[in-house]
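This report concerns only the one structure given below.
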Amino acid sequence: MSGTDGTGAGTSGREDVLLEVEDLRVHFPIRRGIVFDRTIGHVRAVDGVSLRIARGTTYGLVGESGCGKSTLGRALLRLNEPTSGRIVLDGTDVRALGREPLRRFRRRMQMVFQDPLSSLDPRQSVQSLLTEPLRVHGLDEADRGRLGGNGERAHVERAAELLEVVGLPRSALARYPHEFSGGQRQRIGIARAMVLNPELVVADEPVSALDVSVQAQVINLLEELQELLGLTYLVIAHDLAVVRHISDTIGVMYLGVIVEEAPSDALYEQPLHPYTLALMSAIPVPDPAVEDARERILLAGDLPSPANPPAGCRFHTRCPFAQERLCADTVPELREVAPGRRVACHWAEEIRDGRITAHRVDPDATVTADVRPGTSGPSGTDLDPLAVP
Amino acid sequence: MSGSVERSADRRAQERPAWPPALVEVMGGTAVADEKGTSLWRGAVQRLRRNPSAIVGAVIVLAFVVVAAAAPLLAPYEPASTEWIAMVTPSDVPGPFPGHPLGLDPFGSDLLTQLLYGARQSLLIGVVSTSLGLLVGAALGGLAGAFGGWVDTLVMRVVDILLSIPSLLLAVSVAAVLGRNPLAIMIAIAAAQVPIFARLLRGSMLSQRGQDYVLAASSLGLRRRTVVMSHVLPNSLGPVIVQATLTLATSIIEVAALSYLGLGAPNPAVAEWGRMLVKGQERLQSDPHLTLLPGVCIAITALGFTLFGEALREALDPKSRR
Amino acid sequence: MAEHPGPVEGPLLAVEDLSVTFQHRGGPPTRAVDGVSFTVDPGEVVGIVGESGSGKSVTSMAVMGLLPARTSRVTGSARFDDRDLLRMPDAERSRLRGKEIAMVFQDPMSSLNPVLTVGLQITEVLQRHQQVGRAEAREQAVELLHRVGIPDPRRRVGEYPHQLSGGMRQRALIAVALACRPRLLICDEPTTALDVTIQAQVLELLRELVADLGTAMIMITHDLGVVAGLCDRVNVMYAGRVVESAGRRDLFAAPRHRYTEGLLASIPRLDAPRGEGLTPIPGTPRDTVGWDRACAFAPRCRHASDGCVRPDLALEPMAPRSGEVEHLVRCVHPAPVGAPEHLEGAR
C-alpha cells in the first residue's frame with residue numbers, strides 16, 4: 001500500500017507513454033539593481049515535477065493561480081526554458097534539441113491558449129492564421145497525397161477542412177479574429193493548433209475566458225477532436241469540475257509541485273491529499289441540495305510566495321491536518337499509495353482512515369480555518385466534501 | 001480523416017436547432033453575410049471616415065499638400081521676384097491691390113506667391129525631417145525591441161542621452177555645426193525626433209512581445225525573424241504612425257522656429273513661413289497681416305496634422321473595435 | 001438561507017420596469033437592460049445570474065446611479081424605502097450610497113484607492129456618514145477588518161492595498177462596504193477574480209455577515225454554483241431581460257425557462273460521473289433577436305417555434321406554486337416539471 005517509489009510514475013509501465021517528464025524545474029531569477037541587475041533570488045515556479053502521459057489520454061493539471069501549472073505547460077513545449085529535468089516525447093529528449101531541430105519538432109506538440117483574442121494576431125486573416133504554420137512546416141505526407149501537393153492551394157484546402165472540423169464555415173477564412181465571438185475565436189485557436197497534426201496538445205485554461213453557455217461547446221469539441229485525431233492532451237485549468245470532466249488522470253499542483261495524482265474518478269471519490277480535499281470542497285456546485293449539505297474545509301490564508309516556499313511540506317502552513325511531527329521539516333515524497341495513485345502527504349493513510357482529524361489553523365498571518373464539525377468521522381467517506389449525510 | 005470530417009459536420013448540423021419559419025423571417029437581417037472580412041486597417045479607415053475631425057484634418061492636410069505640390073501652377077507670379085520693390089517704403093508695404101490679392105511682402109514680392117511657395121518649403125522640410133527621424137528612431141527602437149538584453153540597454157542609454165537634451169537646443173547645435181543649409185535643418189529637426197520614435201517603437205514592441213500570439217507563433221515553430229518581422233513589428237507600428245503624423249505638425253512649427261532664430265535656410269530668396277514671420281514682425285505695428293498670414297498658415301497646417309493624427313490614434317485603438 | 005427577520009412590511013428595494021439604453025458616438029443606441037423588475041426584501045439574498053452582456057451588471061450600476069449620464073438613458077424606477085433612487089438628486093443619492101446601500105466590485109485592486117491606506121478608506125466612509133471622530137473611526141476600522149477575517153488588523157489598517165493579497169483586498173473592500181452597516185449590499189461578481197479556495201473563504205464570510213447583520217444582498221454572478229449556495233431567490237437574465245425568477249430550490253430542481261435549463265445541462269459538475277456528455281447550448285450569445293420581435297433566446301433554443309416570435313412575451317407565474325416564492329418564467333414552451341435534463345445525468 002505504501003510503496004515508496006518516489007519518482008516513478010505509476011506501476012503499469014506497459015502502457016504506451018507519449019510524454020515522460022522527470023524532475024522538471026523552472027526557476028525564474030528575481031533581479032534587482034540600478035545599473036547592473038543582480039540576481040537576488042529565484043521564483044521556483046515549477047520545482048521538481050515528474051509525470052507520464054499515455055498516448056491518446058488526457059492528463060488534467062489543476063491548481064490555483066501561482067501554483068506553476070501554466071509555467072509547467074509552457075516548459076514542456078520549451079516556450080519557457082526549464083532549469084533542469086528531462087522531457088521525453090515519444091523517445092525524443094526535447095530538452096536536448098538545438099534551436100533548429102526544436103523548431104522543426106514543434107509540429108508534434110502544440111498549444112491552445114486561454115485568451116483566444118490575444119493569442120491570435122489581430123492583423124492576420126483566419127486563412128493566414130491557419131496556413132502560416134503550413135508554410136513553415138509543410139503538409140503531412142498523408143495530407144499532401146490527399147490534398148494534391150504542398151502548395152498554397154493545398155494549404156488553404158487544409159485550413160478550410162479544419163475550420164469545418166471545428167464547426168466554422170469556409171467563409172470564415174476571409175475574416176479576422178475580432179469579427180468572431182469568444183467561442184468562435186477559441187475554435188479558430190484550436191484549429192490552428194491542429195493544423196500540423198500534432199501528437200501532444202497542451203491546452204492552458206481553454207474555456208475559462210469563455211461565456212458559460214459556450215464553454216460546453218468547446219469542451220465537447222476538444223473531446224471530439226481527441227477521438228477523431230487520436231490526440232494526447234495536457235489540460236491545464238483551475239476549475240476542477242472541467243478537469244474532472246475531460247481528464248483520465250488528474251494531477252493537483254500546489255506551489256510548484258504535484259501533491260496528488262490519481263485517475264479522475266478515484267480522485268473525486270476519495271481525495272487523499274488535504275489540499276485536494278480543500279480544493280474540492282471549495283468548488284461551488286449548482287445544486288442547493290448539495291451546497292447546503294456539504295462540509296466545507298476552508299483553507300487558512302493565502303498561497304505562500306513561490307520565491308520562498310515553506311520548509312517541509314509546502315502545504316503545512318495552511319493544512320488543517322498538519323501534525324507536529326514531519327510536516328514542518330520533512331519534504332513529503334510523491335509516493336504511490338495504490339496503483340495509479342500518488343500522493344505527497346506524510347499522513348495520507350491516517351487522514352483517509354480518520355485517525356487524524358482536521359483542526360483549526362491559526363498561524364499569525366492567516367485567517368482562521370473554519371472546519372465544521374463532522375469532518376472527524378471514523379471512515380474516509382466522511383471526508384467526501386460532497387457527501388450528503 | 002475526410003470521412004470523419006463529414007460525420008462531425010453532420011452532427012453539428014443536428015446540434016443547431018432548425019429555426020421555425022417565423023423566426024427565420026425576423027432573423028433575416030442578422031444572418032451572417034458572406035462578405036469579405038474587415039481587417040484592422042480597413043476597419044480603421046471606416047472609423048476614420050465616420051469621424052468629423054478626421055475629415056477636417058484630412059482636408060486641411062490634403063489642401064496643404066496640393067498647394068505645396070502645385071505652387072508653381074497656383075502662384076500668380078515667379079517666387080522671389082522683387083519687381084515691385086519700388087512700391088515698398090520703410091513705413092508702408094502695399095496691401096491688396098488689383099493683381100495682388102494679398103498685397104506685397106517687405107521685399108517687394110507678391111505675398112500670395114510667397115505664402116504658396118512657403119507651403120512647399122515647409123512640407124519638404126517637415127516630411128524629410130520626420131521621415132529621417134522616423135527611420136533612424138524606428139531602426140534604433142526596433143533593434144532594442146527585437147533583441148532585448150544588452151542591445152536594448154545600450155540603445156536605450158544612447159536614446160536617453162539624446163532625450164536629455166532639449167530638442168530645440170539640439171536642433172540649434174546641429175544647425176550650428178553643420179552650417180546653414182536645408183539639409184542641416186532637416187537633420188537638426190530629425191535628431192530631436194529620433195528618441196521619441198525609438199522609445200515609442202521599443203515600448204510598443206515590448207508590450208506586443210508579451211502577448212500570447214507571439215508565444216503562439218513560436219509554439220508553431222516560426223523562425224524568430226519571422227515572429228519579429230511579420231507579427232511583432234506590424235502590430236507595434238500603429239502608435240508610431242500616429243506619432244509621425246503628430247510630429248509632422250511639430251516639425252513644421254520647428255522649421256519656422258529655426259528660421260525665426262536665424263538658423264533657417266540660407267537663401268533669403270526661398271520663401272519660408274518662419275522667415276516671413278520674422279520679417280513681418282518688424283512691421284507688426286503698421287502691417288500686422290505680414291505676420292498674421294504666415295502665422296495662420298503655420299497654425300492651420302499644424303492643426304490639420306494634429307486633428308488627423310488624433311483621429312488616427314482613435315481609429316487604431318483596439319478598444320474602439322467592436 | 002438567511003432567516004427572514006420578523007414580519008416583512010414590503011420590499012426594501014423594488015426595481016420596476018428598469019431599462020438602460022446606451023448611446024455611443026457614431027453607433028446605434030443599444031438597449032442593455034430592457035424592462036427589468038425585481039424586489040429585495042429586508043435580509044433577503046437575491047441573485048442575478050447571467051452571462052457577459054446579459055445586463056446584470058448594468059442593472060446594478062443603474063440602481064446605484066453609477067452610469068455616465070452623457071451616454072446612457074435610464075428609465076423605470078428603483079424604490080428604496082419608497083424613495084426612487086433613479087429620480088433622486090445626486091447629493092441625496094450619494095448620501096445614501098455607502099451608508100444604506102453599499103457595493104462590492106469584482107476587481108478589488110481597482111476599486112480600492114492605491115495611494116490611501118486601507119484604514120483611511122474605511123474611516124473616510126465612517127466619517128462621511130456617521131458623526132464619529134478620527135480616533136473612534138480608526139477603532140471601528142480595526143474592528144471591521146477583524147470582523148471580515150483579516151488577521152492582525154491593527155497592522156493592516158495602516159497598509160496600502162498593494163501590500164494585501166487578492167483575497168485580503170476583497171475582504172478589505174467588504175469591510176469598506178460594511179462600514180456603515182448598510183441595509184443593502186450589492187455584490188458584483190465579488191469572487192470572480194479570486195482563486196477557488198479564496199472564493200470559498202469570501203463566500204463563507206458573506207454568508208456569515210448576512211446571517212449576523214441581517215443585511216439584504218444582491219449577488220450578481222455568472223456562476224450558478226455561487227448562487228446555489230447563497231441566494232434565497234434567483235433572477236436569471238438573458239439579453240437584458242429577466243427570463244426566470246424563482247426560489248433557489250425551485251430554480252435548480254425544476255428550471256422552467258429553456259435557457260436556465262440549457263445552462264444547467266451545459267456546465268460540467270464536479271459530482272457528475274466522468275464520461276457523462278455535456279449538452280451545450282448551441283450558438284453564441286451574439287445569435288440573438290430583439291425582444292420587441294421575439295424571444296431573444298429563440299435562435300439558440302432547441303424548442304423554438306413560430307409561437308416564440310411575438311413581441312409581448314411576459315414574465316408569467318408558473319403553476320403549481322411550490323415554494324413561498326413565486327416562480328416566474330418568460331417562455332412560450334417552458335420545460336415540464338419533472339426530471340430536468342441536468343439532473344438526469346447526475347443521478
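We label chains A, B, ... in the order they appear in the C-alpha cells, count residues from 1 in each chain, and number ligands from 1 in the order shown.
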
Counting only C-alpha atoms, collect the residues of chain A whose closest atom lies at most 8 Å from chain C, and write them out as a PyMOL selection string. chain A and resi 64-65+181+183+211-217+220+238+240-242+244-246+264-265+268+278-279+282-289+291-292+298-299+302+364-368+386

Let me see the file: selected residues, C-alpha atoms, as a tab-separated table (two decimals), in the first residue's frame.
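Output contents, as saved in out-v5.tsv:
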chain	number	residue	atom	x	y	z
A	64	GLU	CA	-4.79	27.76	-8.25
A	65	SER	CA	-3.07	30.76	-9.74
A	181	SER	CA	-17.34	35.80	-30.77
A	183	GLY	CA	-16.24	30.80	-28.55
A	211	ASP	CA	-19.11	32.58	-21.70
A	212	VAL	CA	-20.68	29.87	-19.56
A	213	SER	CA	-23.12	28.82	-22.27
A	214	VAL	CA	-20.27	28.39	-24.76
A	215	GLN	CA	-17.80	26.50	-22.57
A	216	ALA	CA	-19.51	23.17	-23.08
A	217	GLN	CA	-19.26	23.54	-26.85
A	220	ASN	CA	-17.10	18.81	-26.38
A	238	HIS	CA	-8.18	25.99	-12.23
A	240	LEU	CA	-11.62	21.00	-11.05
A	241	ALA	CA	-15.08	20.30	-12.47
A	242	VAL	CA	-13.85	20.98	-16.02
A	244	ARG	CA	-12.54	16.07	-13.97
A	245	HIS	CA	-14.92	16.05	-16.88
A	246	ILE	CA	-12.24	15.90	-19.53
A	264	SER	CA	-10.11	11.15	-12.46
A	265	ASP	CA	-12.88	9.18	-10.77
A	268	TYR	CA	-13.11	12.59	-6.88
A	278	ALA	CA	-9.98	21.62	0.43
A	279	LEU	CA	-9.99	22.37	-3.28
A	282	ALA	CA	-14.37	24.93	-2.26
A	283	ILE	CA	-15.89	24.41	-5.71
A	284	PRO	CA	-19.48	25.57	-5.81
A	285	VAL	CA	-21.94	23.02	-7.16
A	286	PRO	CA	-25.04	24.32	-8.92
A	287	ASP	CA	-27.39	22.34	-6.73
A	288	PRO	CA	-28.75	23.77	-3.48
A	289	ALA	CA	-29.28	20.31	-2.01
A	291	GLU	CA	-24.48	23.07	-1.37
A	292	ASP	CA	-26.47	23.08	1.85
A	298	LEU	CA	-11.90	26.35	4.39
A	299	LEU	CA	-8.21	26.90	3.94
A	302	ASP	CA	-3.26	32.73	1.04
A	364	ASP	CA	-0.30	34.54	12.84
A	365	ALA	CA	-0.65	35.89	9.31
A	366	THR	CA	-3.57	33.79	8.24
A	367	VAL	CA	-7.28	33.62	8.56
A	368	THR	CA	-8.71	31.05	10.87
A	386	LEU	CA	-19.85	16.49	-1.42

Distance limit 6 Å, atoms considered: only C-alpha atoms. Which chain C residues sit that close to chain B? Return them as a VMD selection string. chain C and resid 282 302 305 to 306

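Once Arg156 of chain C and its same-chain neighbours fewer than 4 positions away are set aside, Thr117, Val118, Gly119, Val142, Leu145, Ile150, Pro151, Asp152, Tyr160, Gln163 and Leu164 of chain C remain within 9 Å of it when counting only C-alpha atoms.
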
Dump of N, CA and C atoms for the selected residues, as a tab-separated table (two decimals), in the first residue's frame:
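Output (part-v9.tsv):
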chain	number	residue	atom	x	y	z
C	117	THR	N	-4.20	54.36	2.58
C	117	THR	CA	-4.15	53.14	3.36
C	117	THR	C	-5.56	52.56	3.47
C	118	VAL	N	-5.59	51.27	3.73
C	118	VAL	CA	-6.87	50.59	3.85
C	118	VAL	C	-7.70	51.23	4.96
C	119	GLY	N	-7.03	51.52	6.07
C	119	GLY	CA	-7.73	52.10	7.21
C	119	GLY	C	-8.40	53.42	6.85
C	142	VAL	N	-10.48	49.07	12.67
C	142	VAL	CA	-9.76	47.88	13.12
C	142	VAL	C	-10.75	46.76	13.42
C	145	LEU	N	-12.06	45.28	10.14
C	145	LEU	CA	-11.08	44.41	9.49
C	145	LEU	C	-11.01	43.07	10.21
C	150	ILE	N	-9.56	39.62	8.57
C	150	ILE	CA	-8.19	39.99	8.22
C	150	ILE	C	-7.34	39.88	9.48
C	151	PRO	N	-6.32	39.03	9.43
C	151	PRO	CA	-5.50	38.83	10.63
C	151	PRO	C	-4.66	40.06	10.92
C	152	ASP	N	-4.35	40.24	12.17
C	152	ASP	CA	-3.51	41.35	12.60
C	152	ASP	C	-4.05	42.69	12.11
C	160	TYR	N	-1.19	49.68	2.59
C	160	TYR	CA	-1.78	50.09	1.32
C	160	TYR	C	-2.32	48.86	0.58
C	163	GLN	N	-0.18	46.01	-0.66
C	163	GLN	CA	0.50	45.15	0.31
C	163	GLN	C	-0.36	43.97	0.71
C	164	LEU	N	-1.62	43.97	0.27
C	164	LEU	CA	-2.51	42.87	0.62
C	164	LEU	C	-2.63	41.91	-0.55

Would you mind listing what lies within 12 Å of Arg99 of chain A as a CSV table (one decimal) with N, CA and C atoms, in the first residue's frame, with only C-alpha atoms counted and same-chain residues fewer than 6 positions away left out?
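Produced file result_37.csv, reproduced below:
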chain,number,residue,atom,x,y,z
A,78,ARG,N,8.8,23.9,-24.2
A,78,ARG,CA,10.0,24.8,-24.2
A,78,ARG,C,9.7,26.2,-24.6
A,79,LEU,N,8.6,26.7,-24.3
A,79,LEU,CA,8.3,28.1,-24.5
A,79,LEU,C,8.8,28.9,-23.3
A,81,GLU,N,12.1,28.2,-20.8
A,81,GLU,CA,13.3,27.2,-20.8
A,81,GLU,C,13.3,26.6,-19.4
A,105,PHE,N,10.7,20.3,-34.6
A,105,PHE,CA,10.0,19.3,-33.7
A,105,PHE,C,8.7,19.9,-33.2
A,106,ARG,N,8.5,21.2,-33.3
A,106,ARG,CA,7.3,21.8,-32.7
A,106,ARG,C,6.0,21.4,-33.3
B,218,SER,N,5.7,31.3,-31.7
B,218,SER,CA,6.9,30.5,-31.5
B,218,SER,C,6.6,29.0,-31.3
B,221,GLY,N,6.5,27.0,-34.2
B,221,GLY,CA,7.8,26.8,-34.9
B,221,GLY,C,8.2,27.8,-35.9
B,222,LEU,N,7.6,29.0,-35.8
B,222,LEU,CA,8.1,30.0,-36.7
B,222,LEU,C,9.5,30.5,-36.3
B,223,ARG,N,10.2,30.9,-37.4
B,223,ARG,CA,11.5,31.4,-37.1
B,223,ARG,C,11.4,32.7,-36.3
B,224,ARG,N,12.4,33.0,-35.5
B,224,ARG,CA,12.5,34.1,-34.6
B,224,ARG,C,12.3,35.4,-35.5

Select from chain A every residue with an atom at most 8 Å from any atom of chain B, then for each give the shortest pair of atoms and their distance in Å to one decimal, using only C-alpha atoms, rows by chain and rising number, as JSON lines.
{"residue": "A:Leu77", "atom": "CA", "partner": "B:Ser219", "partner_atom": "CA", "distance": 7.3}
{"residue": "A:Leu79", "atom": "CA", "partner": "B:Ser219", "partner_atom": "CA", "distance": 6.8}
{"residue": "A:Leu102", "atom": "CA", "partner": "B:Gly221", "partner_atom": "CA", "distance": 7.9}
{"residue": "A:Arg103", "atom": "CA", "partner": "B:Gly221", "partner_atom": "CA", "distance": 4.6}
{"residue": "A:Arg104", "atom": "CA", "partner": "B:Gly221", "partner_atom": "CA", "distance": 6.4}
{"residue": "A:Phe105", "atom": "CA", "partner": "B:Gly221", "partner_atom": "CA", "distance": 7.8}
{"residue": "A:Arg106", "atom": "CA", "partner": "B:Gly221", "partner_atom": "CA", "distance": 5.4}
{"residue": "A:Arg107", "atom": "CA", "partner": "B:Leu220", "partner_atom": "CA", "distance": 6.6}
{"residue": "A:Gln110", "atom": "CA", "partner": "B:Ser219", "partner_atom": "CA", "distance": 6.5}
{"residue": "A:Met111", "atom": "CA", "partner": "B:Ser219", "partner_atom": "CA", "distance": 7.0}
{"residue": "A:Phe113", "atom": "CA", "partner": "B:Asp212", "partner_atom": "CA", "distance": 7.5}
{"residue": "A:Asp115", "atom": "CA", "partner": "B:Asp212", "partner_atom": "CA", "distance": 7.9}
{"residue": "A:Ser118", "atom": "CA", "partner": "B:Asp212", "partner_atom": "CA", "distance": 5.5}
{"residue": "A:Ser119", "atom": "CA", "partner": "B:Tyr213", "partner_atom": "CA", "distance": 3.7}
{"residue": "A:Leu120", "atom": "CA", "partner": "B:Tyr213", "partner_atom": "CA", "distance": 5.0}
{"residue": "A:Asp121", "atom": "CA", "partner": "B:Tyr213", "partner_atom": "CA", "distance": 5.5}
{"residue": "A:Pro122", "atom": "CA", "partner": "B:Leu40", "partner_atom": "CA", "distance": 7.2}
{"residue": "A:Arg123", "atom": "CA", "partner": "B:Leu40", "partner_atom": "CA", "distance": 6.1}
{"residue": "A:Gln124", "atom": "CA", "partner": "B:Ser39", "partner_atom": "CA", "distance": 7.8}
{"residue": "A:Ser125", "atom": "CA", "partner": "B:Ser39", "partner_atom": "CA", "distance": 7.3}
{"residue": "A:Pro133", "atom": "CA", "partner": "B:Leu220", "partner_atom": "CA", "distance": 6.0}
{"residue": "A:Val136", "atom": "CA", "partner": "B:Leu222", "partner_atom": "CA", "distance": 6.5}
{"residue": "A:His137", "atom": "CA", "partner": "B:Gly221", "partner_atom": "CA", "distance": 8.0}
{"residue": "A:Glu161", "atom": "CA", "partner": "B:Val5", "partner_atom": "CA", "distance": 7.7}
{"residue": "A:Glu164", "atom": "CA", "partner": "B:Ala9", "partner_atom": "CA", "distance": 6.8}
{"residue": "A:Val165", "atom": "CA", "partner": "B:Val5", "partner_atom": "CA", "distance": 5.8}
{"residue": "A:Gly167", "atom": "CA", "partner": "B:Arg12", "partner_atom": "CA", "distance": 7.0}
{"residue": "A:Ser171", "atom": "CA", "partner": "B:Asp34", "partner_atom": "CA", "distance": 6.2}
{"residue": "A:Ala174", "atom": "CA", "partner": "B:Gly37", "partner_atom": "CA", "distance": 5.3}
{"residue": "A:Arg175", "atom": "CA", "partner": "B:Gly37", "partner_atom": "CA", "distance": 3.8}
{"residue": "A:Tyr176", "atom": "CA", "partner": "B:Gly37", "partner_atom": "CA", "distance": 6.0}
{"residue": "A:His178", "atom": "CA", "partner": "B:Arg321", "partner_atom": "CA", "distance": 7.7}
{"residue": "A:Glu179", "atom": "CA", "partner": "B:Gly37", "partner_atom": "CA", "distance": 7.7}
{"residue": "A:Ala193", "atom": "CA", "partner": "B:Leu220", "partner_atom": "CA", "distance": 7.9}
{"residue": "A:Leu228", "atom": "CA", "partner": "B:Ser4", "partner_atom": "CA", "distance": 6.9}

List every residue of segment 222-312 of chain C that DSSP, applied to the backbone of this structure, assigns to alpha helix (DSSP H), and report them as a list in words. Leu224, Gly225, Val226, Val227, Ala228, Arg248, Arg249, Asp250, Leu251, Phe252, Ala253, Arg258, Tyr259, Thr260, Glu261, Gly262, Leu263, Leu264, Ala265 and Ser266 of chain C

Counting only C-alpha atoms, what is within 10 Å of Met276 of chain B, bar same-chain residues fewer than 2 positions away, as an NGL selection string? :B and (105-106 or 111 or 114-115 or 118 or 256 or 259-260 or 268 or 271-274 or 278-281 or 290-295)

Can I get the selected residues back with C-alpha atoms, as a PDB file, in the first residue's frame?
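Here's the written file again_10.pdb:
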ATOM      1  CA  ASP B 105       5.820  91.476 -48.793  1.00  0.00           C
ATOM      2  CA  PRO B 106       8.586  93.708 -47.388  1.00  0.00           C
ATOM      3  CA  LEU B 111       2.659  87.940 -50.733  1.00  0.00           C
ATOM      4  CA  GLN B 114       5.427  83.725 -51.234  1.00  0.00           C
ATOM      5  CA  LEU B 115       2.875  82.031 -48.983  1.00  0.00           C
ATOM      6  CA  GLY B 118       6.312  78.719 -48.332  1.00  0.00           C
ATOM      7  CA  ALA B 256       9.513  78.084 -38.572  1.00  0.00           C
ATOM      8  CA  SER B 259      14.102  80.306 -39.247  1.00  0.00           C
ATOM      9  CA  TYR B 260      12.794  82.683 -36.647  1.00  0.00           C
ATOM     10  CA  PRO B 268      16.635  84.550 -48.470  1.00  0.00           C
ATOM     11  CA  ALA B 271      10.071  81.550 -49.337  1.00  0.00           C
ATOM     12  CA  GLU B 272       9.603  80.083 -45.883  1.00  0.00           C
ATOM     13  CA  TRP B 273       6.805  80.787 -43.391  1.00  0.00           C
ATOM     14  CA  GLY B 274       9.084  81.136 -40.382  1.00  0.00           C
ATOM     15  CA  VAL B 278      10.352  87.293 -38.626  1.00  0.00           C
ATOM     16  CA  LYS B 279      10.466  89.811 -41.403  1.00  0.00           C
ATOM     17  CA  GLY B 280       6.854  90.750 -40.898  1.00  0.00           C
ATOM     18  CA  GLN B 281       7.434  91.252 -37.209  1.00  0.00           C
ATOM     19  CA  LEU B 290       2.525  90.340 -42.824  1.00  0.00           C
ATOM     20  CA  THR B 291       2.946  88.445 -39.544  1.00  0.00           C
ATOM     21  CA  LEU B 292      -0.552  87.216 -39.227  1.00  0.00           C
ATOM     22  CA  LEU B 293      -0.893  85.415 -42.553  1.00  0.00           C
ATOM     23  CA  PRO B 294       2.188  83.160 -42.316  1.00  0.00           C
ATOM     24  CA  GLY B 295       1.326  82.580 -38.661  1.00  0.00           C
TER      25      GLY B 295
END

To one decimal place, how far is atom CA of Glu224 of chain A from atom CA of His257 of chain C in Å?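 Going from atom CA of Glu224 of chain A over to atom CA of His257 of chain C covers 28.7 Å.
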
Run DSSP on the backbone and tell me which residues of segment 89-335 of chain C come out as strand (DSSP E or B); list them as number ranges by chain. C: 97, 101-104, 184-188, 216-221, 233-238, 241-247, 316-317, 328-329

Fewer than 2 positions away in the same chain doesn't count, so skip those; otherwise give me all residues within 12 Å of Pro309 of chain A, counting only C-alpha atoms, as a list in words. His42, Val43, Arg44, Ala45, Val46, Asp47, Gly66, Cys67, Tyr254, Leu255, Gly256, Val257, Leu303, Pro304, Ser305, Pro306, Ala307, Ala311, Gly312, Cys313, Arg314, Phe315, His316, Thr317, Ala328 and Val331 of chain A

Requested write-out: C-alpha atoms of the selected residues, as a compact mmCIF listing (two decimals), in the first residue's frame:
# COMPACT_ATOMS: atom_id res chain seq x y z
CA HIS A 42 14.60 32.63 -7.56
CA VAL A 43 10.91 32.10 -8.01
CA ARG A 44 10.54 28.36 -8.03
CA ALA A 45 7.56 28.25 -10.35
CA VAL A 46 7.97 24.55 -11.04
CA ASP A 47 10.06 22.70 -8.52
CA GLY A 66 0.60 30.85 -8.83
CA CYS A 67 0.90 27.09 -8.44
CA TYR A 254 0.44 23.32 -5.18
CA LEU A 255 3.33 25.77 -5.10
CA GLY A 256 5.32 24.22 -7.93
CA VAL A 257 4.90 20.56 -7.08
CA LEU A 303 -0.74 30.98 -1.12
CA PRO A 304 2.80 31.50 0.24
CA SER A 305 5.32 33.09 -2.10
CA PRO A 306 6.89 30.64 -4.55
CA ALA A 307 10.14 32.58 -4.10
CA ALA A 311 10.12 24.26 4.56
CA GLY A 312 8.97 20.68 4.86
CA CYS A 313 5.59 20.09 3.28
CA ARG A 314 4.73 23.20 1.30
CA PHE A 315 1.14 22.99 2.36
CA HIS A 316 1.72 22.63 6.09
CA THR A 317 1.17 26.35 6.82
CA ALA A 328 7.18 21.29 9.06
CA VAL A 331 9.52 17.22 2.46

For segment 34-46 of chain C, work out the shell of residues within 6 Å, counting only C-alpha atoms and skipping chain neighbours fewer than 4 positions away, then give it as number ranges by chain. C: 11-19, 214-218, 231-234, 240-241

For the residues selected in the previous step, produce a file with N, CA and C atoms as a CSV table (one decimal), in the first residue's frame.
chain,number,residue,atom,x,y,z
C,11,PRO,N,-41.1,45.3,0.3
C,11,PRO,CA,-39.7,45.1,0.0
C,11,PRO,C,-38.8,46.3,0.3
C,12,LEU,N,-37.5,46.0,0.5
C,12,LEU,CA,-36.5,47.1,0.8
C,12,LEU,C,-36.2,47.8,-0.5
C,13,LEU,N,-36.0,47.0,-1.5
C,13,LEU,CA,-35.8,47.6,-2.8
C,13,LEU,C,-36.8,47.0,-3.8
C,14,ALA,N,-37.4,47.9,-4.6
C,14,ALA,CA,-38.3,47.4,-5.6
C,14,ALA,C,-38.0,48.1,-7.0
C,15,VAL,N,-37.4,47.2,-7.8
C,15,VAL,CA,-37.0,47.7,-9.1
C,15,VAL,C,-38.1,47.5,-10.1
C,16,GLU,N,-38.6,48.5,-10.8
C,16,GLU,CA,-39.8,48.4,-11.6
C,16,GLU,C,-39.5,48.8,-13.0
C,17,ASP,N,-39.6,47.9,-14.0
C,17,ASP,CA,-39.5,48.3,-15.4
C,17,ASP,C,-38.3,49.1,-15.7
C,18,LEU,N,-37.1,48.6,-15.2
C,18,LEU,CA,-35.9,49.4,-15.4
C,18,LEU,C,-35.3,49.1,-16.8
C,19,SER,N,-35.1,50.2,-17.5
C,19,SER,CA,-34.4,50.0,-18.8
C,19,SER,C,-33.2,50.9,-18.9
C,214,GLY,N,-28.1,40.8,9.2
C,214,GLY,CA,-29.4,40.9,8.6
C,214,GLY,C,-29.4,41.8,7.4
C,215,THR,N,-28.2,42.0,6.8
C,215,THR,CA,-28.1,42.9,5.6
C,215,THR,C,-28.8,42.1,4.4
C,216,ALA,N,-29.6,42.9,3.6
C,216,ALA,CA,-30.0,42.3,2.4
C,216,ALA,C,-28.9,42.3,1.4
C,217,MET,N,-28.9,41.4,0.4
C,217,MET,CA,-27.8,41.4,-0.5
C,217,MET,C,-28.3,41.1,-1.9
C,218,ILE,N,-27.7,41.7,-2.9
C,218,ILE,CA,-27.9,41.4,-4.3
C,218,ILE,C,-26.6,40.8,-4.8
C,231,CYS,N,-28.1,32.2,-2.3
C,231,CYS,CA,-29.3,33.1,-2.5
C,231,CYS,C,-30.6,32.5,-2.1
C,232,ASP,N,-31.5,33.4,-1.7
C,232,ASP,CA,-32.9,32.9,-1.4
C,232,ASP,C,-33.7,32.9,-2.7
C,233,ARG,N,-33.5,33.9,-3.5
C,233,ARG,CA,-34.2,34.0,-4.7
C,233,ARG,C,-33.3,34.3,-5.9
C,234,VAL,N,-33.5,33.8,-7.0
C,234,VAL,CA,-32.6,34.0,-8.2
C,234,VAL,C,-33.4,34.5,-9.4
C,240,GLY,N,-30.7,41.2,-21.5
C,240,GLY,CA,-31.3,42.4,-20.9
C,240,GLY,C,-32.6,42.3,-20.2
C,241,ARG,N,-33.1,41.0,-20.2
C,241,ARG,CA,-34.4,40.8,-19.5
C,241,ARG,C,-34.3,39.7,-18.5

Please, what distance in Å, to one decimal, runs between atom CA of Val65 of chain B and atom CA of Glu310 of chain B? 18.9 Å

Computed interatomic separation between atom CA of Ala70 of chain B and atom CA of Ala119 of chain B (Å):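 Between atom CA of Ala70 of chain B and atom CA of Ala119 of chain B the gap works out to 10.1 Å.
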